[in-house]
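Asker: query.cif is the file, holding mmCIF, C-alpha atoms:
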```cif
data_query
#
loop_
_atom_site.label_atom_id
_atom_site.label_comp_id
_atom_site.auth_asym_id
_atom_site.auth_seq_id
_atom_site.Cartn_x
_atom_site.Cartn_y
_atom_site.Cartn_z
CA MET M 1 -25.39 -97.73 -77.03
CA ASP M 2 -23.25 -100.54 -78.15
CA GLN M 3 -22.11 -102.41 -75.07
CA ILE M 4 -18.67 -103.02 -76.53
CA ALA M 5 -18.13 -99.31 -77.01
CA VAL M 6 -19.09 -98.75 -73.40
CA HIS M 7 -16.49 -101.23 -72.22
CA GLN M 8 -13.63 -99.71 -74.17
CA ASP M 9 -12.26 -96.21 -74.12
CA SER M 10 -11.59 -95.45 -77.74
CA ALA M 11 -8.34 -93.73 -78.57
CA THR M 12 -10.23 -91.34 -80.81
CA SER M 13 -13.65 -89.96 -81.52
CA THR M 14 -13.30 -90.80 -85.21
CA ASP M 15 -15.75 -93.44 -86.30
CA TRP M 16 -13.25 -95.48 -88.26
CA PRO M 17 -15.33 -98.68 -88.61
CA VAL M 18 -17.90 -96.63 -90.52
CA ALA M 19 -15.14 -95.22 -92.72
CA ILE M 20 -13.98 -98.78 -93.45
CA TYR M 21 -17.54 -99.88 -94.21
CA ARG M 22 -18.09 -97.00 -96.63
CA THR M 23 -14.82 -97.69 -98.40
CA LEU M 24 -15.67 -101.39 -98.79
CA LYS M 25 -19.04 -100.34 -100.24
CA ASP M 26 -17.28 -97.99 -102.68
CA PHE M 27 -15.27 -100.96 -103.90
CA GLY M 28 -18.38 -103.09 -104.37
CA VAL M 29 -17.52 -105.68 -101.74
CA ALA M 30 -20.32 -108.26 -101.85
CA GLN M 31 -19.11 -110.85 -99.33
CA LEU M 32 -17.74 -110.40 -95.83
CA SER M 33 -16.64 -113.23 -93.58
CA TYR M 34 -15.33 -113.05 -90.07
CA VAL M 35 -14.17 -114.66 -86.90
CA PRO M 36 -15.50 -112.18 -84.35
CA ASP M 37 -13.37 -109.62 -82.65
CA ALA M 38 -14.48 -106.80 -80.39
CA GLY M 39 -12.55 -104.32 -82.54
CA HIS M 40 -14.52 -105.40 -85.61
CA SER M 41 -17.91 -105.58 -83.87
CA LYS M 42 -19.29 -102.38 -85.38
CA LEU M 43 -18.23 -103.30 -88.92
CA ILE M 44 -19.73 -106.79 -88.45
CA LYS M 45 -23.04 -105.25 -87.37
CA LEU M 46 -23.04 -102.88 -90.33
CA SER M 47 -22.36 -105.79 -92.67
CA HIS M 48 -25.11 -107.98 -91.25
CA ALA M 49 -27.53 -105.08 -91.61
CA ASP M 50 -26.59 -104.58 -95.28
CA GLY M 51 -28.64 -106.76 -97.59
CA ALA M 52 -26.11 -106.28 -100.39
CA ILE M 53 -23.27 -107.90 -98.43
CA LYS M 54 -23.46 -111.65 -97.87
CA THR M 55 -22.05 -111.95 -94.36
CA THR M 56 -20.66 -115.24 -93.08
CA VAL M 57 -19.45 -116.19 -89.62
CA LEU M 58 -16.58 -118.72 -89.71
CA THR M 59 -15.45 -121.42 -87.33
CA THR M 60 -11.80 -120.69 -88.13
CA GLU M 61 -10.02 -118.03 -90.15
CA GLU M 62 -8.69 -120.15 -93.02
CA GLU M 63 -12.27 -120.88 -94.03
CA GLY M 64 -12.52 -117.22 -94.97
CA VAL M 65 -9.45 -117.44 -97.19
CA ALA M 66 -11.02 -120.26 -99.21
CA LEU M 67 -14.39 -118.47 -99.20
CA SER M 68 -12.74 -115.37 -100.66
CA ALA M 69 -11.26 -117.49 -103.47
CA GLY M 70 -14.63 -119.03 -104.30
CA ALA M 71 -16.30 -115.62 -104.21
CA TRP M 72 -13.81 -114.26 -106.71
CA LEU M 73 -14.30 -117.27 -109.00
CA GLY M 74 -17.99 -116.38 -109.05
CA GLY M 75 -17.49 -112.63 -109.56
CA ASP M 76 -17.86 -111.35 -105.99
CA ARG M 77 -15.35 -109.24 -104.12
CA ALA M 78 -14.84 -110.49 -100.58
CA VAL M 79 -13.21 -109.23 -97.40
CA LEU M 80 -12.12 -111.28 -94.38
CA LEU M 81 -12.09 -109.91 -90.82
CA MET M 82 -10.12 -111.50 -88.03
CA GLN M 83 -7.93 -110.67 -85.08
CA SER M 84 -4.21 -111.24 -85.03
CA SER M 85 -4.50 -114.46 -83.04
CA GLY M 86 -6.16 -116.08 -86.08
CA VAL M 87 -3.51 -115.21 -88.64
CA GLY M 88 -1.41 -118.29 -88.02
CA ASN M 89 -4.41 -120.48 -88.83
CA CYS M 90 -4.37 -119.14 -92.39
CA VAL M 91 -0.80 -119.90 -93.42
CA ASN M 92 -1.28 -123.01 -95.57
CA MET M 93 -4.56 -121.79 -97.08
CA LEU M 94 -2.74 -118.67 -98.28
CA SER M 95 -0.98 -121.00 -100.78
CA LEU M 96 -4.30 -121.16 -102.61
CA MET M 97 -4.30 -117.41 -103.12
CA ALA M 98 -0.65 -117.25 -104.19
CA SER M 99 -0.88 -120.26 -106.54
CA CYS M 100 -3.93 -118.86 -108.35
CA ARG M 101 -3.19 -115.16 -107.86
CA PHE M 102 -6.55 -114.73 -106.15
CA PRO M 103 -7.18 -111.31 -104.59
CA LEU M 104 -7.38 -111.35 -100.82
CA LEU M 105 -8.28 -108.42 -98.61
CA THR M 106 -8.14 -109.13 -94.90
CA LEU M 107 -8.52 -106.62 -92.08
CA VAL M 108 -6.82 -107.70 -88.89
CA THR M 109 -7.34 -106.11 -85.51
CA MET M 110 -4.14 -106.36 -83.53
CA ARG M 111 -3.74 -107.83 -80.08
CA GLY M 112 -0.57 -108.22 -78.10
CA GLU M 113 1.11 -105.01 -79.15
CA TRP M 114 -0.27 -102.00 -77.23
CA ALA M 115 -1.04 -102.01 -73.51
CA GLU M 116 -1.78 -105.73 -73.75
CA PHE M 117 -3.03 -107.20 -70.51
CA ASN M 118 -3.07 -110.84 -71.61
CA PRO M 119 0.36 -112.38 -72.15
CA TRP M 120 -1.19 -115.22 -74.16
CA GLN M 121 -1.98 -112.76 -76.95
CA ILE M 122 1.57 -111.51 -77.33
CA PRO M 123 3.41 -114.29 -79.24
CA MET M 124 0.93 -114.43 -82.14
CA GLY M 125 0.54 -110.66 -82.15
CA ARG M 126 4.28 -110.29 -82.50
CA ALA M 127 4.41 -112.92 -85.27
CA THR M 128 1.42 -111.59 -87.21
CA PRO M 129 3.18 -109.47 -89.88
CA HIS M 130 5.79 -112.18 -90.42
CA ALA M 131 3.15 -114.92 -90.76
CA PHE M 132 1.63 -112.97 -93.62
CA GLU M 133 4.94 -111.99 -95.19
CA ILE M 134 6.33 -115.52 -95.36
CA MET M 135 3.33 -116.37 -97.58
CA GLY M 136 3.78 -113.36 -99.85
CA VAL M 137 0.98 -111.24 -98.40
CA THR M 138 1.49 -107.48 -98.54
CA VAL M 139 1.09 -105.98 -95.07
CA LEU M 140 -0.20 -102.45 -94.57
CA ARG M 141 -0.71 -100.74 -91.22
CA LEU M 142 -3.61 -98.61 -90.10
CA ASP M 143 -2.39 -96.71 -87.04
CA ASN M 144 -4.42 -93.54 -87.26
CA PRO M 145 -8.23 -93.51 -87.43
CA ASP M 146 -8.16 -90.55 -89.80
CA ASP M 147 -6.29 -92.68 -92.34
CA ALA M 148 -8.91 -95.45 -92.45
CA GLU M 149 -10.43 -94.58 -95.80
CA GLU M 150 -7.10 -93.97 -97.50
CA VAL M 151 -5.42 -97.14 -96.24
CA ILE M 152 -8.39 -99.44 -96.88
CA SER M 153 -8.82 -97.91 -100.33
CA ALA M 154 -5.16 -98.49 -101.18
CA ALA M 155 -5.36 -102.07 -99.90
CA ALA M 156 -8.55 -102.77 -101.86
CA SER M 157 -7.05 -101.45 -105.11
CA LEU M 158 -3.95 -103.54 -104.59
CA ALA M 159 -6.07 -106.62 -103.94
CA TYR M 160 -8.92 -106.37 -106.44
CA ASP M 161 -7.14 -104.54 -109.26
CA GLY M 162 -3.61 -105.77 -108.65
CA ASP M 163 -4.57 -109.40 -107.91
CA GLN M 164 -2.57 -109.34 -104.68
CA GLN M 165 -3.10 -110.68 -101.20
CA VAL M 166 -3.22 -107.76 -98.78
CA ALA M 167 -3.58 -107.60 -95.02
CA VAL M 168 -4.31 -104.36 -93.18
CA LEU M 169 -3.19 -104.55 -89.56
CA ILE M 170 -5.34 -102.25 -87.44
CA SER M 171 -3.36 -100.95 -84.49
CA GLN M 172 -4.44 -102.06 -81.06
CA ARG M 173 -3.98 -98.45 -80.03
CA MET M 174 -6.94 -97.53 -82.25
CA ILE M 175 -9.15 -100.11 -80.60
CA GLY M 176 -8.32 -98.89 -77.13
CA ARG M 177 -7.48 -100.53 -73.85
CA LYS M 178 -9.65 -103.45 -72.97
CA LYS M 179 -11.27 -103.06 -69.58
CA TRP M 180 -11.70 -106.37 -67.87
CA THR M 181 -14.19 -105.26 -65.26
CA LYS M 182 -16.58 -102.36 -64.91
CA GLU M 183 -15.24 -101.42 -61.50
CA THR M 184 -11.49 -101.37 -61.99
CA HIS M 185 -9.14 -100.14 -64.67
CA MET T 1 -8.35 -153.56 -90.10
CA SER T 2 -11.92 -152.46 -90.43
CA ALA T 3 -14.35 -153.68 -93.08
CA PRO T 4 -14.38 -151.77 -96.41
CA ILE T 5 -16.63 -148.74 -96.42
CA GLY T 6 -17.96 -149.26 -99.92
CA THR T 7 -17.72 -150.89 -103.29
CA LEU T 8 -18.50 -148.10 -105.77
CA ASP T 9 -15.90 -147.41 -108.43
CA ARG T 10 -14.91 -143.79 -107.84
CA ARG T 11 -14.37 -142.98 -111.52
CA ALA T 12 -17.72 -144.45 -112.54
CA ALA T 13 -19.47 -142.67 -109.68
CA VAL T 14 -18.03 -139.26 -110.56
CA LYS T 15 -18.66 -139.77 -114.25
CA ALA T 16 -22.29 -140.52 -113.48
CA LEU T 17 -22.56 -137.48 -111.18
CA LEU T 18 -21.33 -135.20 -113.97
CA ALA T 19 -23.37 -136.69 -116.82
CA ASP T 20 -25.56 -134.08 -118.57
CA ARG T 21 -24.13 -131.50 -116.20
CA GLY T 22 -25.84 -128.52 -117.81
CA ASP T 23 -24.83 -125.32 -116.03
CA LEU T 24 -23.27 -127.12 -113.06
CA LEU T 25 -20.10 -125.56 -111.62
CA VAL T 26 -17.62 -127.92 -109.94
CA ILE T 27 -14.87 -127.51 -107.36
CA SER T 28 -12.79 -130.64 -106.75
CA GLY T 29 -10.72 -131.34 -103.66
CA LEU T 30 -7.04 -132.09 -103.97
CA GLY T 31 -5.79 -135.53 -104.86
CA SER T 32 -7.91 -138.29 -106.31
CA SER T 33 -11.09 -136.20 -106.40
CA SER T 34 -9.47 -133.77 -108.84
CA TYR T 35 -8.26 -136.70 -110.93
CA ASP T 36 -11.75 -138.21 -110.96
CA VAL T 37 -13.39 -134.96 -112.08
CA PHE T 38 -10.77 -134.44 -114.80
CA ASP T 39 -11.18 -138.03 -115.98
CA ALA T 40 -14.93 -137.50 -116.30
CA GLY T 41 -14.27 -134.77 -118.88
CA GLU T 42 -12.47 -131.44 -119.09
CA HIS T 43 -14.77 -128.46 -118.64
CA PRO T 44 -14.12 -124.74 -118.06
CA GLY T 45 -16.65 -124.88 -115.23
CA ASN T 46 -14.32 -127.21 -113.32
CA PHE T 47 -11.88 -125.82 -110.78
CA TYR T 48 -9.37 -128.46 -109.72
CA LEU T 49 -7.65 -127.94 -106.40
CA TRP T 50 -4.10 -129.23 -106.09
CA GLY T 51 -3.63 -127.98 -102.54
CA ALA T 52 -5.60 -125.95 -99.98
CA MET T 53 -6.56 -129.10 -98.09
CA GLY T 54 -9.74 -128.52 -96.14
CA GLY T 55 -10.79 -125.59 -98.32
CA ALA T 56 -12.89 -127.17 -101.08
CA ALA T 57 -16.29 -126.84 -99.39
CA MET T 58 -15.62 -123.25 -98.36
CA MET T 59 -14.57 -122.39 -101.89
CA GLY T 60 -17.84 -123.92 -102.98
CA LEU T 61 -19.70 -121.72 -100.51
CA GLY T 62 -18.07 -118.52 -101.77
CA LEU T 63 -18.90 -119.52 -105.34
CA ALA T 64 -22.46 -120.58 -104.50
CA LEU T 65 -23.16 -117.26 -102.76
CA ALA T 66 -21.74 -115.35 -105.72
CA GLN T 67 -23.68 -117.39 -108.31
CA PRO T 68 -26.99 -118.23 -106.61
CA LYS T 69 -28.70 -119.26 -109.87
CA ARG T 70 -26.07 -121.83 -110.80
CA PRO T 71 -25.85 -125.22 -109.13
CA VAL T 72 -22.46 -125.68 -107.47
CA LEU T 73 -21.06 -129.13 -106.67
CA VAL T 74 -18.01 -129.75 -104.50
CA ILE T 75 -16.51 -133.19 -105.10
CA THR T 76 -13.96 -134.12 -102.49
CA GLY T 77 -12.60 -136.94 -100.39
CA ASP T 78 -13.21 -137.90 -96.80
CA GLY T 79 -9.74 -136.78 -95.72
CA GLU T 80 -10.08 -133.38 -97.38
CA GLN T 81 -13.51 -132.77 -95.87
CA LEU T 82 -12.36 -133.92 -92.45
CA MET T 83 -9.59 -131.33 -92.45
CA GLY T 84 -12.21 -128.61 -93.01
CA ILE T 85 -14.96 -130.20 -90.96
CA GLY T 86 -15.93 -126.86 -89.39
CA SER T 87 -16.87 -125.58 -92.83
CA LEU T 88 -19.99 -127.76 -92.68
CA LEU T 89 -21.20 -125.62 -89.77
CA THR T 90 -20.35 -122.44 -91.63
CA ILE T 91 -22.17 -123.60 -94.77
CA ALA T 92 -25.23 -124.49 -92.71
CA THR T 93 -25.45 -120.94 -91.33
CA LYS T 94 -25.87 -119.63 -94.89
CA GLN T 95 -28.22 -122.37 -96.18
CA PRO T 96 -27.10 -121.97 -99.82
CA GLY T 97 -29.80 -123.77 -101.78
CA ASN T 98 -27.54 -124.22 -104.80
CA LEU T 99 -24.60 -125.86 -103.02
CA SER T 100 -24.06 -129.61 -102.87
CA ILE T 101 -21.11 -131.54 -101.49
CA ALA T 102 -20.24 -135.04 -102.61
CA VAL T 103 -17.75 -136.72 -100.30
CA LEU T 104 -16.05 -139.68 -101.95
CA ASP T 105 -15.54 -141.75 -98.84
CA ASN T 106 -13.13 -144.67 -98.88
CA GLY T 107 -12.25 -144.33 -95.22
CA HIS T 108 -8.60 -143.76 -96.04
CA PHE T 109 -6.03 -141.12 -96.84
CA GLY T 110 -5.45 -142.42 -100.34
CA GLU T 111 -2.65 -140.13 -101.52
CA THR T 112 -0.36 -140.72 -98.59
CA GLY T 113 -0.18 -144.47 -98.12
CA MET T 114 -3.78 -145.48 -97.43
CA GLN T 115 -3.79 -144.81 -93.72
CA LEU T 116 -7.23 -145.20 -92.14
CA SER T 117 -9.07 -141.88 -91.84
CA HIS T 118 -11.46 -140.86 -89.07
CA SER T 119 -14.22 -141.96 -91.39
CA GLY T 120 -12.59 -145.37 -91.71
CA LEU T 121 -12.34 -145.43 -87.94
CA GLY T 122 -16.06 -144.82 -87.47
CA ALA T 123 -16.96 -141.16 -88.01
CA LYS T 124 -20.12 -140.67 -90.07
CA LEU T 125 -19.80 -137.59 -92.24
CA GLU T 126 -23.46 -137.47 -93.19
CA VAL T 127 -24.46 -137.52 -89.51
CA ILE T 128 -21.96 -134.77 -88.74
CA ALA T 129 -23.36 -132.72 -91.64
CA SER T 130 -26.87 -133.23 -90.35
CA GLY T 131 -25.83 -132.16 -86.87
CA ALA T 132 -24.17 -129.09 -88.35
CA GLY T 133 -27.50 -128.03 -89.81
CA ILE T 134 -27.28 -129.28 -93.39
CA GLY T 135 -30.83 -130.42 -94.03
CA SER T 136 -30.38 -132.70 -97.01
CA VAL T 137 -27.95 -135.51 -96.34
CA SER T 138 -27.62 -138.93 -97.90
CA ASP T 139 -25.52 -142.05 -97.57
CA ILE T 140 -25.00 -143.52 -101.01
CA ALA T 141 -23.72 -147.03 -101.65
CA ASP T 142 -24.90 -147.81 -105.19
CA MET T 143 -25.29 -146.26 -108.63
CA ALA T 144 -29.03 -145.82 -108.17
CA GLY T 145 -28.25 -143.54 -105.25
CA ILE T 146 -25.74 -141.62 -107.38
CA GLU T 147 -28.41 -141.13 -110.02
CA ARG T 148 -30.91 -139.80 -107.46
CA PHE T 149 -28.34 -137.39 -106.07
CA ARG T 150 -27.39 -136.23 -109.58
CA ALA T 151 -31.01 -135.52 -110.41
CA SER T 152 -31.39 -133.42 -107.24
CA LEU T 153 -28.47 -131.12 -108.10
CA ARG T 154 -30.50 -129.11 -110.62
CA ASP T 155 -32.84 -127.86 -107.90
CA THR T 156 -30.99 -124.75 -106.75
CA GLY T 157 -33.44 -124.27 -103.91
CA GLY T 158 -33.04 -127.68 -102.33
CA GLY T 159 -29.61 -127.38 -100.75
CA PRO T 160 -27.34 -127.34 -99.01
CA ARG T 161 -26.83 -131.05 -99.55
CA LEU T 162 -24.14 -133.46 -98.52
CA ALA T 163 -23.84 -136.96 -99.88
CA ARG T 164 -21.47 -139.48 -98.42
CA ILE T 165 -20.58 -141.72 -101.35
CA ARG T 166 -19.17 -145.07 -100.34
CA ILE T 167 -16.37 -145.90 -102.75
CA ALA T 168 -13.92 -148.78 -102.87
CA ALA T 169 -10.48 -148.10 -101.45
CA GLY T 170 -8.45 -149.42 -104.37
CA GLU T 171 -5.77 -147.41 -106.17
CA VAL T 172 -6.85 -145.89 -109.49
CA GLU T 173 -4.54 -144.71 -112.25
CA ARG T 174 -3.88 -141.01 -111.97
CA ALA T 175 -5.41 -138.62 -114.48
CA LEU T 176 -3.73 -135.27 -114.08
CA PRO T 177 -5.63 -132.02 -114.72
CA PRO T 178 -3.85 -128.72 -115.38
CA ARG T 179 -1.91 -127.50 -112.34
CA ASP T 180 -1.63 -123.81 -113.17
CA GLY T 181 -4.03 -122.16 -110.76
CA THR T 182 -4.10 -118.82 -112.53
CA TYR T 183 -5.07 -120.53 -115.78
CA LEU T 184 -7.82 -122.47 -114.03
CA LYS T 185 -9.10 -119.30 -112.36
CA ASN T 186 -9.19 -117.23 -115.53
CA ARG T 187 -10.74 -120.03 -117.54
CA PHE T 188 -13.47 -120.46 -114.93
CA ARG T 189 -14.24 -116.73 -114.79
CA ALA T 190 -14.32 -116.47 -118.57
CA HIS T 191 -16.79 -119.37 -118.62
CA LEU T 192 -19.05 -117.25 -116.39
CA GLY T 193 -18.62 -114.21 -118.61
CA LEU T 194 -16.55 -112.38 -116.00
CA ALA T 195 -13.68 -110.06 -116.89
CA VAL T 196 -10.18 -111.46 -116.70
CA SER T 197 -8.04 -108.86 -115.01
#
```
Take the structure in the file and give it back as structure tokens.
Answerer:
Amino acid sequence: MDQIAVHQDSATSTDWPVAIYRTLKDFGVAQLSYVPDAGHSKLIKLSHADGAIKTTVLTTEEEGVALSAGAWLGGDRAVLLMQSSGVGNCVNMLSLMASCRFPLLTLVTMRGEWAEFNPWQIPMGRATPHAFEIMGVTVLRLDNPDDAEEVISAAASLAYDGDQQVAVLISQRMIGRKKWTKETH
Amino acid sequence: MSAPIGTLDRRAAVKALLADRGDLLVISGLGSSSYDVFDAGEHPGNFYLWGAMGGAAMMGLGLALAQPKRPVLVITGDGEQLMGIGSLLTIATKQPGNLSIAVLDNGHFGETGMQLSHSGLGAKLEVIASGAGIGSVSDIADMAGIERFRASLRDTGGGPRLARIRIAAGEVERALPPRDGTYLKNRFRAHLGLAVS
């Protein structure tokens, strides 16, 4: 089994990363870029294993914003995965998307909002929706695993058909409490 | 002050790079690089950045991955590339054979008062690119080198490439390309036969 899954008690039995993957496939997403996050690890694995999705690991999140713009120029739909701590890195690069009305779909796993153990995660987690909104990005929430397909589908339509920049914030509650050791809770 | 990095005329260098461009697609970094590309000749396969500092090479990567049969050339300055220096590592992980990056290096931040850049203070962009995993790097100081680099661009299996092009640091008259990003985007996509939404 996936070691990450072993280390986290999921809030649900629903396999929402697979639902997200299938929805992205339905929309013909051809490029996926990411800064790793444990909450996205399953989707990242699925993407790497899919020969039809060009999957790119980034050194910092704003690279993925510019990558998404270039992908669209060349006819590819792209999606960017990150965790909330990386959202602030993207602020200036989001000007590119607004100035050119480039579609952007980014899926953000939240930290700092639900049973957070690490106080260092809290300021950026709290600022995450605002950091997007000040740059004109539409923010949607995914709080319930059963809603994954519907929310991602709505976000993808808004991005790729509506030429909008859209962020889906995936609740930390869905990802589950992070266990810091095997022995203690 | 440090010794000048180079003597090449930036306009002449870019014009030579884009001669007989064929199916080359071009992304230009903000500032003088966009002016140079525009001055070399308007083309629907040009996308001029007016912002997004540090993003030109990554935009080139997204485009190169989407259009693997077309050669893609990013033309940018040392300051712009330095702000997105990590993108060289990211590009190397994908090894896009059709992507080339030309860094017009004058060792200065030309748009903002000619302050010395990290390159002007000793950083070697072609060495950094090599260390990042970009296999084909060159350090170009004359027009013969420009011509060799230009000839290599057509080989869409030979990249990724990065050329550090040593240009003179003098001010050049501005040549201003269109600033409407949506127009530039739609024009570029139409050039590739893609639907305009």
Asker: Taking only residues of chain M that have an atom at most 7 Å from an atom of chain T, what is each one's shortest atom pair and its distance in Å to one decimal, using only C-alpha atoms, in chain and number order, as CSV?
Answerer:
```
residue,atom,partner,partner_atom,distance
M:Val57,CA,T:Thr90,CA,6.6
M:Leu58,CA,T:Thr90,CA,5.6
M:Thr59,CA,T:Gly86,CA,5.8
M:Glu63,CA,T:Met58,CA,6.0
M:Ala66,CA,T:Met59,CA,4.9
M:Leu67,CA,T:Gly62,CA,4.5
M:Ser68,CA,T:Gly62,CA,6.3
M:Ala69,CA,T:Met59,CA,6.1
M:Gly70,CA,T:Met59,CA,4.1
M:Ala71,CA,T:Gly62,CA,4.2
M:Leu73,CA,T:Arg189,CA,5.8
M:Gly74,CA,T:Leu63,CA,4.9
M:Gly75,CA,T:Ala66,CA,6.3
M:Asp76,CA,T:Ala66,CA,5.6
M:Asn92,CA,T:Ala52,CA,6.8
M:Met93,CA,T:Ala52,CA,5.2
M:Ser95,CA,T:Ala52,CA,6.8
M:Leu96,CA,T:Ala52,CA,5.6
M:Ser99,CA,T:Gly181,CA,5.6
M:Cys100,CA,T:Gly181,CA,4.1
M:Arg101,CA,T:Thr182,CA,6.0
```
Asker: For the selection just defined, write its residues with C-alpha atoms to a file, as a compact mmCIF listing (two decimals), in the coordinates of the input.
Answerer:
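Output (out_28.txt):
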```
# COMPACT_ATOMS: atom_id res chain seq x y z
CA VAL M 57 -19.45 -116.19 -89.62
CA LEU M 58 -16.58 -118.72 -89.71
CA THR M 59 -15.45 -121.42 -87.33
CA GLU M 63 -12.27 -120.88 -94.03
CA ALA M 66 -11.02 -120.26 -99.21
CA LEU M 67 -14.39 -118.47 -99.20
CA SER M 68 -12.74 -115.37 -100.66
CA ALA M 69 -11.26 -117.49 -103.47
CA GLY M 70 -14.63 -119.03 -104.30
CA ALA M 71 -16.30 -115.62 -104.21
CA LEU M 73 -14.30 -117.27 -109.00
CA GLY M 74 -17.99 -116.38 -109.05
CA GLY M 75 -17.49 -112.63 -109.56
CA ASP M 76 -17.86 -111.35 -105.99
CA ASN M 92 -1.28 -123.01 -95.57
CA MET M 93 -4.56 -121.79 -97.08
CA SER M 95 -0.98 -121.00 -100.78
CA LEU M 96 -4.30 -121.16 -102.61
CA SER M 99 -0.88 -120.26 -106.54
CA CYS M 100 -3.93 -118.86 -108.35
CA ARG M 101 -3.19 -115.16 -107.86
```
Asker: Hey, can you check how far atom CA of Phe102 of chain M sits from atom CA of Ala40 of chain T?
Answerer: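 Computed distance, atom CA of Phe102 of chain M to atom CA of Ala40 of chain T, equals 26.3 Å.
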Asker: For the PyMOL selection byres ((chain M and resi 114-119) around 12), applied here, can you spell out every residue it catches as a PDB file with C-alpha atoms, keeping the file's coordinate frame?
Answerer:
```pdb
ATOM      1  CA  ALA M  11      -8.340 -93.730 -78.570  1.00  0.00           C
ATOM      2  CA  THR M 109      -7.340-106.110 -85.510  1.00  0.00           C
ATOM      3  CA  MET M 110      -4.140-106.360 -83.530  1.00  0.00           C
ATOM      4  CA  ARG M 111      -3.740-107.830 -80.080  1.00  0.00           C
ATOM      5  CA  GLY M 112      -0.570-108.220 -78.100  1.00  0.00           C
ATOM      6  CA  GLU M 113       1.110-105.010 -79.150  1.00  0.00           C
ATOM      7  CA  TRP M 120      -1.190-115.220 -74.160  1.00  0.00           C
ATOM      8  CA  GLN M 121      -1.980-112.760 -76.950  1.00  0.00           C
ATOM      9  CA  ILE M 122       1.570-111.510 -77.330  1.00  0.00           C
ATOM     10  CA  PRO M 123       3.410-114.290 -79.240  1.00  0.00           C
ATOM     11  CA  MET M 124       0.930-114.430 -82.140  1.00  0.00           C
ATOM     12  CA  GLY M 125       0.540-110.660 -82.150  1.00  0.00           C
ATOM     13  CA  ARG M 126       4.280-110.290 -82.500  1.00  0.00           C
ATOM     14  CA  ASP M 143      -2.390 -96.710 -87.040  1.00  0.00           C
ATOM     15  CA  ILE M 170      -5.340-102.250 -87.440  1.00  0.00           C
ATOM     16  CA  SER M 171      -3.360-100.950 -84.490  1.00  0.00           C
ATOM     17  CA  GLN M 172      -4.440-102.060 -81.060  1.00  0.00           C
ATOM     18  CA  ARG M 173      -3.980 -98.450 -80.030  1.00  0.00           C
ATOM     19  CA  MET M 174      -6.940 -97.530 -82.250  1.00  0.00           C
ATOM     20  CA  ILE M 175      -9.150-100.110 -80.600  1.00  0.00           C
ATOM     21  CA  GLY M 176      -8.320 -98.890 -77.130  1.00  0.00           C
ATOM     22  CA  ARG M 177      -7.480-100.530 -73.850  1.00  0.00           C
ATOM     23  CA  LYS M 178      -9.650-103.450 -72.970  1.00  0.00           C
ATOM     24  CA  LYS M 179     -11.270-103.060 -69.580  1.00  0.00           C
ATOM     25  CA  TRP M 180     -11.700-106.370 -67.870  1.00  0.00           C
ATOM     26  CA  HIS M 185      -9.140-100.140 -64.670  1.00  0.00           C
TER      27      HIS M 185
END
```
Asker: Ranking T:Ala151, T:Leu104, T:Leu73, T:Ala129 by minimum distance to Thr7 of chain T and counting only C-alpha atoms, which one comes first?
Answerer: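 With only C-alpha atoms as the atom set, the closest residue is T:Leu104.
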Asker: Would you compute the distance between atom CA of Gly51 of chain M and atom CA of Leu81 of chain M? Give it in Å to one decimal.
Answerer: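 Here the two named atoms are 18.2 Å from each other.
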Asker: Within 7 Å of (-16.6, -136.1, -100.5) (file coordinates; only C-alpha atoms), which protein or nucleic acid residues are there? I'd like them as a PDB file with C-alpha atoms, keeping the file's coordinate frame.
Answerer:
```pdb
ATOM      1  CA  ILE T  75     -16.510-133.190-105.100  1.00  0.00           C
ATOM      2  CA  THR T  76     -13.960-134.120-102.490  1.00  0.00           C
ATOM      3  CA  GLY T  77     -12.600-136.940-100.390  1.00  0.00           C
ATOM      4  CA  ASP T  78     -13.210-137.900 -96.800  1.00  0.00           C
ATOM      5  CA  GLN T  81     -13.510-132.770 -95.870  1.00  0.00           C
ATOM      6  CA  ILE T 101     -21.110-131.540-101.490  1.00  0.00           C
ATOM      7  CA  ALA T 102     -20.240-135.040-102.610  1.00  0.00           C
ATOM      8  CA  VAL T 103     -17.750-136.720-100.300  1.00  0.00           C
ATOM      9  CA  LEU T 104     -16.050-139.680-101.950  1.00  0.00           C
ATOM     10  CA  ASP T 105     -15.540-141.750 -98.840  1.00  0.00           C
ATOM     11  CA  ARG T 164     -21.470-139.480 -98.420  1.00  0.00           C
ATOM     12  CA  ILE T 165     -20.580-141.720-101.350  1.00  0.00           C
TER      13      ILE T 165
END
```
Asker: Report, in Å with one decimal, the straight-line distance from atom CA of Val87 of chain M to atom CA of Ala131 of chain M.
Answerer: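 Atom-to-atom, atom CA of Val87 of chain M to atom CA of Ala131 of chain M, that is 7.0 Å.
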Asker: Neighbours of Gly162 of chain M within 10 Å (all atoms listed in the file; same-chain residues fewer than 2 positions away dropped), as JSON, numbers by chain?
Answerer: {"M": [101, 102, 103, 155, 156, 157, 158, 159, 160, 164, 165], "T": [197]}
Asker: Got a sec: who's within 12 Å of Gln115 of chain T, counting only C-alpha atoms, leaving out chain neighbours fewer than 5 positions off, as number ranges by chain?
Answerer: T: 1-2, 79, 106-110, 120-121, 169
Asker: With a distance cut-off of 10 Å and only C-alpha atoms, select the neighbouring residues of Asp155 of chain T, excluding the residue or stretch itself and same-chain residues fewer than 6 positions from it, and output the selection as an MDAnalysis selection string.
Answerer: chainID T and resid 69:71 97:99
Asker: Tell me which protein, DNA and RNA residues are within 10 Å of segment 142-146 of chain T, counting only C-alpha atoms, leaving out same-chain ones fewer than 5 positions away, and put them as number ranges by chain.
Answerer: T: 6-9, 12-14, 16-17, 102, 151-152, 163, 165-167
Asker: For Leu80 of chain M, please output as a PyMOL selection string all residues within 12 Å (counting all atoms listed in the file; exclusion window: fewer than 3 positions along the same chain).
Answerer: (chain M and resi 24+29-37+40+43-44+47+54-58+60-69+71+77+83+86-87+90+103-109+156+165-168) or (chain T and resi 62)
